[in-house]
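Asker: I have a structure I would like to understand better, so I am pasting it below and will then ask my questions one at a time.
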Amino acid sequence: SAISKNSLKRSLLELECHFTWTLLKQDVDLDELEDTIGDQIEFFIKSNITSYNLLSYVCHLKNSNEEALRNLQKAEEEIKKNYPDEIARRSLVTWGNYAWIYYHMERYKEAQTYINKVENSCKKLSSTAQWKIQLPEIYAEQGWALLKFGGKYYMRAKNCFENALKNEPDNPEFNAGYAIAMYRLEDFSHRQCEDVSLSIKPLKHAVQLNPEDTFIMALLALKLQDFKRVDEGERYIEAAMQKNPDLPYVLRYAAKFYRRKGEVDKALKILKKAIAVTPRSAFLHHQLGLCYRAKLFQLKKTTRYPPQEQVEELMRLSIFHFKIAIDQKTKFFSAHIDLANMYAEGKRYEEAEETFQKAFQINILVCDDKQEFYYNYGNFQRFHMKSESEAIRYYTEGLKIEKDSYARSKCRNALNQLLERRIQGGLGDATDFGTLGLIHNLNGERQKAIECYEKAVALCPDNEEYLNALCELQLSI
């Protein structure tokens with residue numbers, strides 16, 4: 001009946017599980033996520049309860065509820081095997097997912113059964129809780145799920161692991177989750193902008209708590225490399241590869257480490273080994289593309305007249321792997337940008353333009369991504385389309401997004417260079433002076449900004465934007 005359906009929905013919303021953690025399907029590529037979780041189940045030795053629970057939710061989002069139920073059965077088998085003495089406590093998320101999936105299948109009686117199981121278990125585990133019981137492992141499970149749904153979710157993931165750690169500060173798994181969240185947040189928001197790393201300490205702590213966690217070791221190595229501590233980083237990479245020479249997750253980060261160190265052939269060898277194990281990994285294909293690109297640039301730099309067939313082959317390989325990466329993971333922004341730039345390098349301008357547009361259409365871009373887009377697209381207009389005015393337009397768009405980032409400073413420097421040159425060459429028009437005024441203003445150089453806007457207004461007396469900016473600046477002094 002409608003009443004029981006409504007009361008059922010109210011109860012469902014009280015449960016702690018993937019369906020109530022606001023994990024939105026438009027933020028991920030579901031097929032790619034399903035592949036990734038499948039790979040993790042295959043290659044990680046630890047218990048796969050969280051992976052099967054998450055996979056059940058992904059299957060539901062793909063409209064295969066029967067498959068979702070099969071994954072929950074697998075989660076239950078794992079729980080029985082790993083936690084025979086605390087089955088109820090470890091099953092709360094699994095049972096919550098069961099209830100939701102049965103509800104969506106309109107099997108309301110079964111949904112109610114699982115709601116009751118959760119309710120009864122919570123009552124036994126805590127005198128105060130009816131549904132929600134703040135167990136550290138549930139916070140952690142939510143944290144792992146959030147990490148899988150991409151950059152928008154990293155801050156929430158960090159908070160979940162922090163909550164889990166309040167009760168169990170030395171739990172190796174919770175510390176690993178917290179360290180990964182910090183690593184990703186730093187990678188995501190700073191992009192080499194800062195001098196201090198917020199993630200090195202938690203990563204080191206996680207490695208101390210579990211010296212067998214080679215995945216964390218590899219992340220620590222990359223972070224040390226970011227901060228110019230290359231030798232220390234390499235010791236961790238080598239240790240990780242000795243412990244787990246075949247684990248694709250260690251191999252992919254080791255390859256990234258050696259490519260960035262300039263040992264591209266070593267990186268390629270490692271990647272080929274990893275891709276034999278997980279052939280559909282978008283990450284690995286992107287890394288392969290970056291290696292062939294590095295070889296191409298190296299060849300062009302060191303050889304005055306590089307052999308054309310060698311250049312074309314490296315370009316072909318790079319494009320081939322970048323394309324697989326974006327086919328596998330349609331929201332993979334940096335791989336789109338890398339592919340677009342490689343098309344431009346090969347004078348395939350229509351494909352470059354199309355790929356740039358596809359990159360900008362991705363629906364999960366954050367400010368840094370948009371700034372990165374405007375910088376790269378500005379370069380494309382400037383160096384390949386030979387249009388300085390268009391380049392200036394796009395660099396300016398990147399600069400107008402008021403979030404400090406590495407990409408924004410690249411936009412600012414490119415603009416400065418272009419505008420100064422045009423103005424010194426006597427080519428400066430009102431737009432150039434107006435844009436230079438904007439840069440000075442953003443840099444806090446008000447007097448210089450006023451001078452530029454005055455020149456812009458002299459050349460274009462009716463322009464509202466310049467008049468307003470000038471007026472505001474004069475009032476602020």
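Following the order of the structure tokens, chains are lettered A, B, ..., residues in each are numbered from 1, and ligands are numbered from 1.
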If we count only C-alpha atoms and set the cut-off at 10 Å, which residues sit around Asn171 of chain A, ignoring sequence neighbours fewer than 3 positions away in its own chain? Please answer as a PyMOL selection string.
Answerer: chain A and resi 136+164-165+167-168+174-176+206+209-210
Asker: Based on DSSP run over this structure's backbone, return all residues of segment 238-292 of chain A in alpha helix (DSSP H), as number ranges by chain.
Answerer: A: 238-243, 248-261, 264-277, 282-292
Asker: In Å, rounded to a single decimal, give me how far atom CA of Ile49 of chain A is from atom CA of Ala221 of chain A.
Answerer: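 Spanning atom CA of Ala221 of chain A to atom CA of Ile49 of chain A is a straight-line distance of 28.4 Å.
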Asker: Report the distance between atom CA of Leu317 of chain A and atom CA of Tyr343 of chain A in Å, rounded to one decimal place.
Answerer: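 Interatomic distance here is 11.9 Å.
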Asker: Taking only C-alpha atoms into account, which of A:Phe227, A:Tyr183, A:Phe283, A:Phe19 comes nearest Gln142 of chain A?
Answerer: A:Phe19
Asker: Hey, can you check how far atom CA of Leu470 of chain A sits from atom CA of Asn443 of chain A?
Answerer: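 A separation of 15.5 Å between them.
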Asker: Within 10 Å of Arg260 of chain A, counting only C-alpha atoms, which residues show up once you throw out same-chain ones fewer than 5 positions away? Write them as a tab-separated table (two decimals) with all heavy atoms, in the first residue's frame, please.
Answerer:
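The resulting file, result36.tsv, is shown below:
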chain	number	residue	atom	x	y	z
A	222	LEU	N	55.95	9.34	-4.81
A	222	LEU	CA	55.58	10.39	-5.77
A	222	LEU	C	55.50	11.75	-5.09
A	222	LEU	O	55.92	12.77	-5.65
A	222	LEU	CB	54.23	10.08	-6.42
A	222	LEU	CG	54.24	8.97	-7.48
A	222	LEU	CD1	52.81	8.67	-7.93
A	222	LEU	CD2	55.09	9.35	-8.68
A	225	GLN	N	58.87	13.05	-4.45
A	225	GLN	CA	59.42	13.52	-5.74
A	225	GLN	C	58.88	14.92	-6.07
A	225	GLN	O	59.62	15.78	-6.53
A	225	GLN	CB	59.07	12.52	-6.84
A	225	GLN	CG	59.71	12.82	-8.18
A	225	GLN	CD	59.26	11.84	-9.26
A	225	GLN	OE1	58.11	11.40	-9.27
A	225	GLN	NE2	60.17	11.47	-10.15
A	226	ASP	N	57.59	15.13	-5.81
A	226	ASP	CA	56.99	16.45	-6.05
A	226	ASP	C	57.77	17.54	-5.32
A	226	ASP	O	57.90	18.65	-5.80
A	226	ASP	CB	55.55	16.52	-5.49
A	226	ASP	CG	54.54	15.90	-6.45
A	226	ASP	OD1	54.89	15.72	-7.63
A	226	ASP	OD2	53.41	15.60	-6.01
A	254	ALA	N	55.12	3.48	-9.98
A	254	ALA	CA	56.57	3.39	-10.21
A	254	ALA	C	56.90	3.95	-11.60
A	254	ALA	O	57.86	4.71	-11.77
A	254	ALA	CB	57.02	1.93	-10.10
A	255	ALA	N	56.06	3.60	-12.58
A	255	ALA	CA	56.28	4.10	-13.95
A	255	ALA	C	56.18	5.62	-13.98
A	255	ALA	O	57.00	6.30	-14.61
A	255	ALA	CB	55.24	3.49	-14.89
A	267	ALA	N	60.35	3.46	-17.47
A	267	ALA	CA	58.92	3.64	-17.21
A	267	ALA	C	58.08	2.83	-18.19
A	267	ALA	O	57.12	2.16	-17.81
A	267	ALA	CB	58.55	5.12	-17.30
A	290	LEU	N	51.90	9.56	-22.20
A	290	LEU	CA	52.84	10.57	-21.69
A	290	LEU	C	54.29	10.16	-21.93
A	290	LEU	O	55.15	11.00	-22.21
A	290	LEU	CB	52.62	10.80	-20.18
A	290	LEU	CG	51.29	11.46	-19.78
A	290	LEU	CD1	51.14	11.47	-18.26
A	290	LEU	CD2	51.20	12.89	-20.32
A	291	CYS	N	54.57	8.85	-21.83
A	291	CYS	CA	55.94	8.37	-22.09
A	291	CYS	C	56.32	8.57	-23.55
A	291	CYS	O	57.43	9.03	-23.85
A	291	CYS	CB	56.06	6.89	-21.72
A	291	CYS	SG	56.21	6.63	-19.95
A	294	ALA	N	56.97	12.14	-24.13
A	294	ALA	CA	58.27	12.56	-23.58
A	294	ALA	C	59.40	12.17	-24.54
A	294	ALA	O	60.34	12.93	-24.78
A	294	ALA	CB	58.49	11.93	-22.21
Asker: Need to verify the contact set: Leu339 of chain A, 12 Å, only C-alpha atoms, exclusion of same-chain residues closer than 6 positions in sequence. Can you return it as a ChimeraX atom specification?
Answerer: /A:285-286,289-290,293,315-327,332-333,345-346,348-349,351-359,376
Asker: Identify, on the basis of only C-alpha atoms, every residue whose closest approach to segment 200-204 of chain A does not exceed 7 Å; exclude the query and any residue fewer than 4 positions from it along the same chain; express the result as a VMD selection string.
Answerer: chain A and resid 179 208 216 220 223
Asker: Need to verify the contact set: segment 86-93 of chain A, 7 Å, only C-alpha atoms, exclusion of same-chain residues closer than 3 positions in sequence. Can you return it as a list of chain:residue names?
Answerer: A:Glu16, A:Cys17, A:Ile79, A:Lys80, A:Tyr83, A:Gly96, A:Asn97, A:Val118, A:Ser121
Asker: So that each row is one residue of segment 355-423 of chain A with an atom at most 10 Å from segment 149-155 of chain A, can you give its shortest atom pair and the distance in Å to one decimal, using only C-alpha atoms, rows by chain and rising number, as a Markdown table?
Answerer:
| residue | atom | partner | partner_atom | distance |
| --- | --- | --- | --- | --- |
| A:Ile364 | CA | A:Lys152 | CA | 7.8 |
| A:Leu365 | CA | A:Lys152 | CA | 9.1 |
| A:Val366 | CA | A:Lys152 | CA | 8.0 |
Asker: Any idea what's packed within 10 Å of Ser409 of chain A, counting only C-alpha atoms, ignoring anything in its chain fewer than 2 positions away? Could you give it as a PyMOL selection string?
Answerer: chain A and resi 193+371+375+398-399+404-407+411-415
Asker: Restricted to all heavy atoms, what would the selected residues look like written as a JSON list (two decimals), in the first residue's frame?
Answerer:
[["chain", "number", "residue", "atom", "x", "y", "z"],
["A", 193, "CYS", "N", 51.62, 24.12, -6.23],
["A", 193, "CYS", "CA", 51.57, 25.56, -5.94],
["A", 193, "CYS", "C", 52.20, 25.87, -4.59],
["A", 193, "CYS", "O", 52.61, 26.98, -4.32],
["A", 193, "CYS", "CB", 50.12, 26.00, -5.92],
["A", 193, "CYS", "SG", 49.81, 27.34, -7.02],
["A", 371, "GLN", "N", 40.76, 26.56, -15.60],
["A", 371, "GLN", "CA", 41.93, 27.40, -15.82],
["A", 371, "GLN", "C", 42.94, 26.67, -16.72],
["A", 371, "GLN", "O", 43.53, 27.26, -17.62],
["A", 371, "GLN", "CB", 42.57, 27.78, -14.48],
["A", 371, "GLN", "CG", 41.72, 28.75, -13.68],
["A", 371, "GLN", "CD", 42.13, 28.81, -12.22],
["A", 371, "GLN", "OE1", 42.62, 27.83, -11.65],
["A", 371, "GLN", "NE2", 41.94, 29.96, -11.60],
["A", 375, "TYR", "N", 44.24, 27.89, -20.42],
["A", 375, "TYR", "CA", 45.67, 28.06, -20.70],
["A", 375, "TYR", "C", 46.08, 27.26, -21.95],
["A", 375, "TYR", "O", 46.71, 27.78, -22.86],
["A", 375, "TYR", "CB", 46.51, 27.62, -19.49],
["A", 375, "TYR", "CG", 47.99, 27.64, -19.77],
["A", 375, "TYR", "CD1", 48.65, 28.85, -19.97],
["A", 375, "TYR", "CD2", 48.72, 26.45, -19.89],
["A", 375, "TYR", "CE1", 50.01, 28.88, -20.27],
["A", 375, "TYR", "CE2", 50.07, 26.48, -20.19],
["A", 375, "TYR", "CZ", 50.71, 27.69, -20.38],
["A", 375, "TYR", "OH", 52.05, 27.72, -20.69],
["A", 398, "GLY", "N", 40.84, 32.43, -18.18],
["A", 398, "GLY", "CA", 41.49, 31.62, -17.12],
["A", 398, "GLY", "C", 41.84, 32.48, -15.92],
["A", 398, "GLY", "O", 41.70, 32.06, -14.77],
["A", 399, "LEU", "N", 42.28, 33.68, -16.19],
["A", 399, "LEU", "CA", 42.69, 34.59, -15.12],
["A", 399, "LEU", "C", 41.49, 35.08, -14.31],
["A", 399, "LEU", "O", 41.58, 35.32, -13.11],
["A", 399, "LEU", "CB", 43.43, 35.78, -15.75],
["A", 399, "LEU", "CG", 44.21, 36.69, -14.81],
["A", 399, "LEU", "CD1", 45.30, 35.91, -14.11],
["A", 399, "LEU", "CD2", 44.80, 37.85, -15.57],
["A", 404, "ASP", "N", 43.43, 30.83, -6.85],
["A", 404, "ASP", "CA", 44.87, 30.72, -7.12],
["A", 404, "ASP", "C", 45.22, 29.29, -7.46],
["A", 404, "ASP", "O", 44.84, 28.36, -6.76],
["A", 404, "ASP", "CB", 45.68, 31.19, -5.90],
["A", 404, "ASP", "CG", 46.08, 32.64, -6.08],
["A", 404, "ASP", "OD1", 46.16, 33.07, -7.24],
["A", 404, "ASP", "OD2", 46.31, 33.33, -5.07],
["A", 405, "SER", "N", 45.91, 29.11, -8.55],
["A", 405, "SER", "CA", 46.35, 27.77, -8.93],
["A", 405, "SER", "C", 47.55, 27.92, -9.84],
["A", 405, "SER", "O", 47.86, 29.00, -10.33],
["A", 405, "SER", "CB", 45.23, 27.02, -9.66],
["A", 405, "SER", "OG", 45.10, 27.55, -10.96],
["A", 406, "TYR", "N", 48.18, 26.79, -10.09],
["A", 406, "TYR", "CA", 49.33, 26.75, -10.99],
["A", 406, "TYR", "C", 48.90, 27.20, -12.39],
["A", 406, "TYR", "O", 49.57, 28.00, -13.05],
["A", 406, "TYR", "CB", 49.86, 25.32, -10.99],
["A", 406, "TYR", "CG", 51.14, 25.10, -11.77],
["A", 406, "TYR", "CD1", 52.23, 25.95, -11.60],
["A", 406, "TYR", "CD2", 51.25, 24.03, -12.66],
["A", 406, "TYR", "CE1", 53.40, 25.74, -12.30],
["A", 406, "TYR", "CE2", 52.43, 23.82, -13.36],
["A", 406, "TYR", "CZ", 53.49, 24.68, -13.18],
["A", 406, "TYR", "OH", 54.66, 24.47, -13.88],
["A", 407, "ALA", "N", 47.75, 26.72, -12.83],
["A", 407, "ALA", "CA", 47.26, 27.06, -14.19],
["A", 407, "ALA", "C", 46.94, 28.55, -14.31],
["A", 407, "ALA", "O", 47.19, 29.16, -15.35],
["A", 407, "ALA", "CB", 46.01, 26.23, -14.51],
["A", 411, "CYS", "N", 48.45, 31.31, -16.96],
["A", 411, "CYS", "CA", 47.65, 32.24, -17.78],
["A", 411, "CYS", "C", 48.17, 33.66, -17.61],
["A", 411, "CYS", "O", 48.34, 34.41, -18.59],
["A", 411, "CYS", "CB", 46.17, 32.20, -17.38],
["A", 411, "CYS", "SG", 45.30, 30.72, -17.92],
["A", 412, "ARG", "N", 48.43, 34.04, -16.37],
["A", 412, "ARG", "CA", 48.88, 35.40, -16.08],
["A", 412, "ARG", "C", 50.23, 35.68, -16.77],
["A", 412, "ARG", "O", 50.40, 36.71, -17.42],
["A", 412, "ARG", "CB", 49.02, 35.59, -14.57],
["A", 412, "ARG", "CG", 49.49, 36.99, -14.18],
["A", 412, "ARG", "CD", 49.77, 37.09, -12.70],
["A", 412, "ARG", "NE", 48.54, 37.06, -11.93],
["A", 412, "ARG", "CZ", 48.32, 36.29, -10.86],
["A", 412, "ARG", "NH1", 49.26, 35.48, -10.45],
["A", 412, "ARG", "NH2", 47.19, 36.34, -10.22],
["A", 413, "ASN", "N", 51.17, 34.73, -16.65],
["A", 413, "ASN", "CA", 52.50, 34.94, -17.24],
["A", 413, "ASN", "C", 52.43, 35.02, -18.77],
["A", 413, "ASN", "O", 53.09, 35.86, -19.39],
["A", 413, "ASN", "CB", 53.46, 33.83, -16.82],
["A", 413, "ASN", "CG", 53.71, 33.84, -15.31],
["A", 413, "ASN", "OD1", 53.47, 34.86, -14.67],
["A", 413, "ASN", "ND2", 54.16, 32.73, -14.77],
["A", 414, "ALA", "N", 51.62, 34.14, -19.36],
["A", 414, "ALA", "CA", 51.49, 34.14, -20.82],
["A", 414, "ALA", "C", 50.90, 35.47, -21.30],
["A", 414, "ALA", "O", 51.35, 36.06, -22.29],
["A", 414, "ALA", "CB", 50.62, 32.97, -21.27],
["A", 415, "LEU", "N", 49.89, 35.94, -20.59],
["A", 415, "LEU", "CA", 49.25, 37.21, -20.94],
["A", 415, "LEU", "C", 50.22, 38.38, -20.83],
["A", 415, "LEU", "O", 50.32, 39.20, -21.74],
["A", 415, "LEU", "CB", 48.09, 37.47, -19.97],
["A", 415, "LEU", "CG", 46.70, 37.05, -20.43],
["A", 415, "LEU", "CD1", 45.72, 37.26, -19.29],
["A", 415, "LEU", "CD2", 46.24, 37.82, -21.66]]
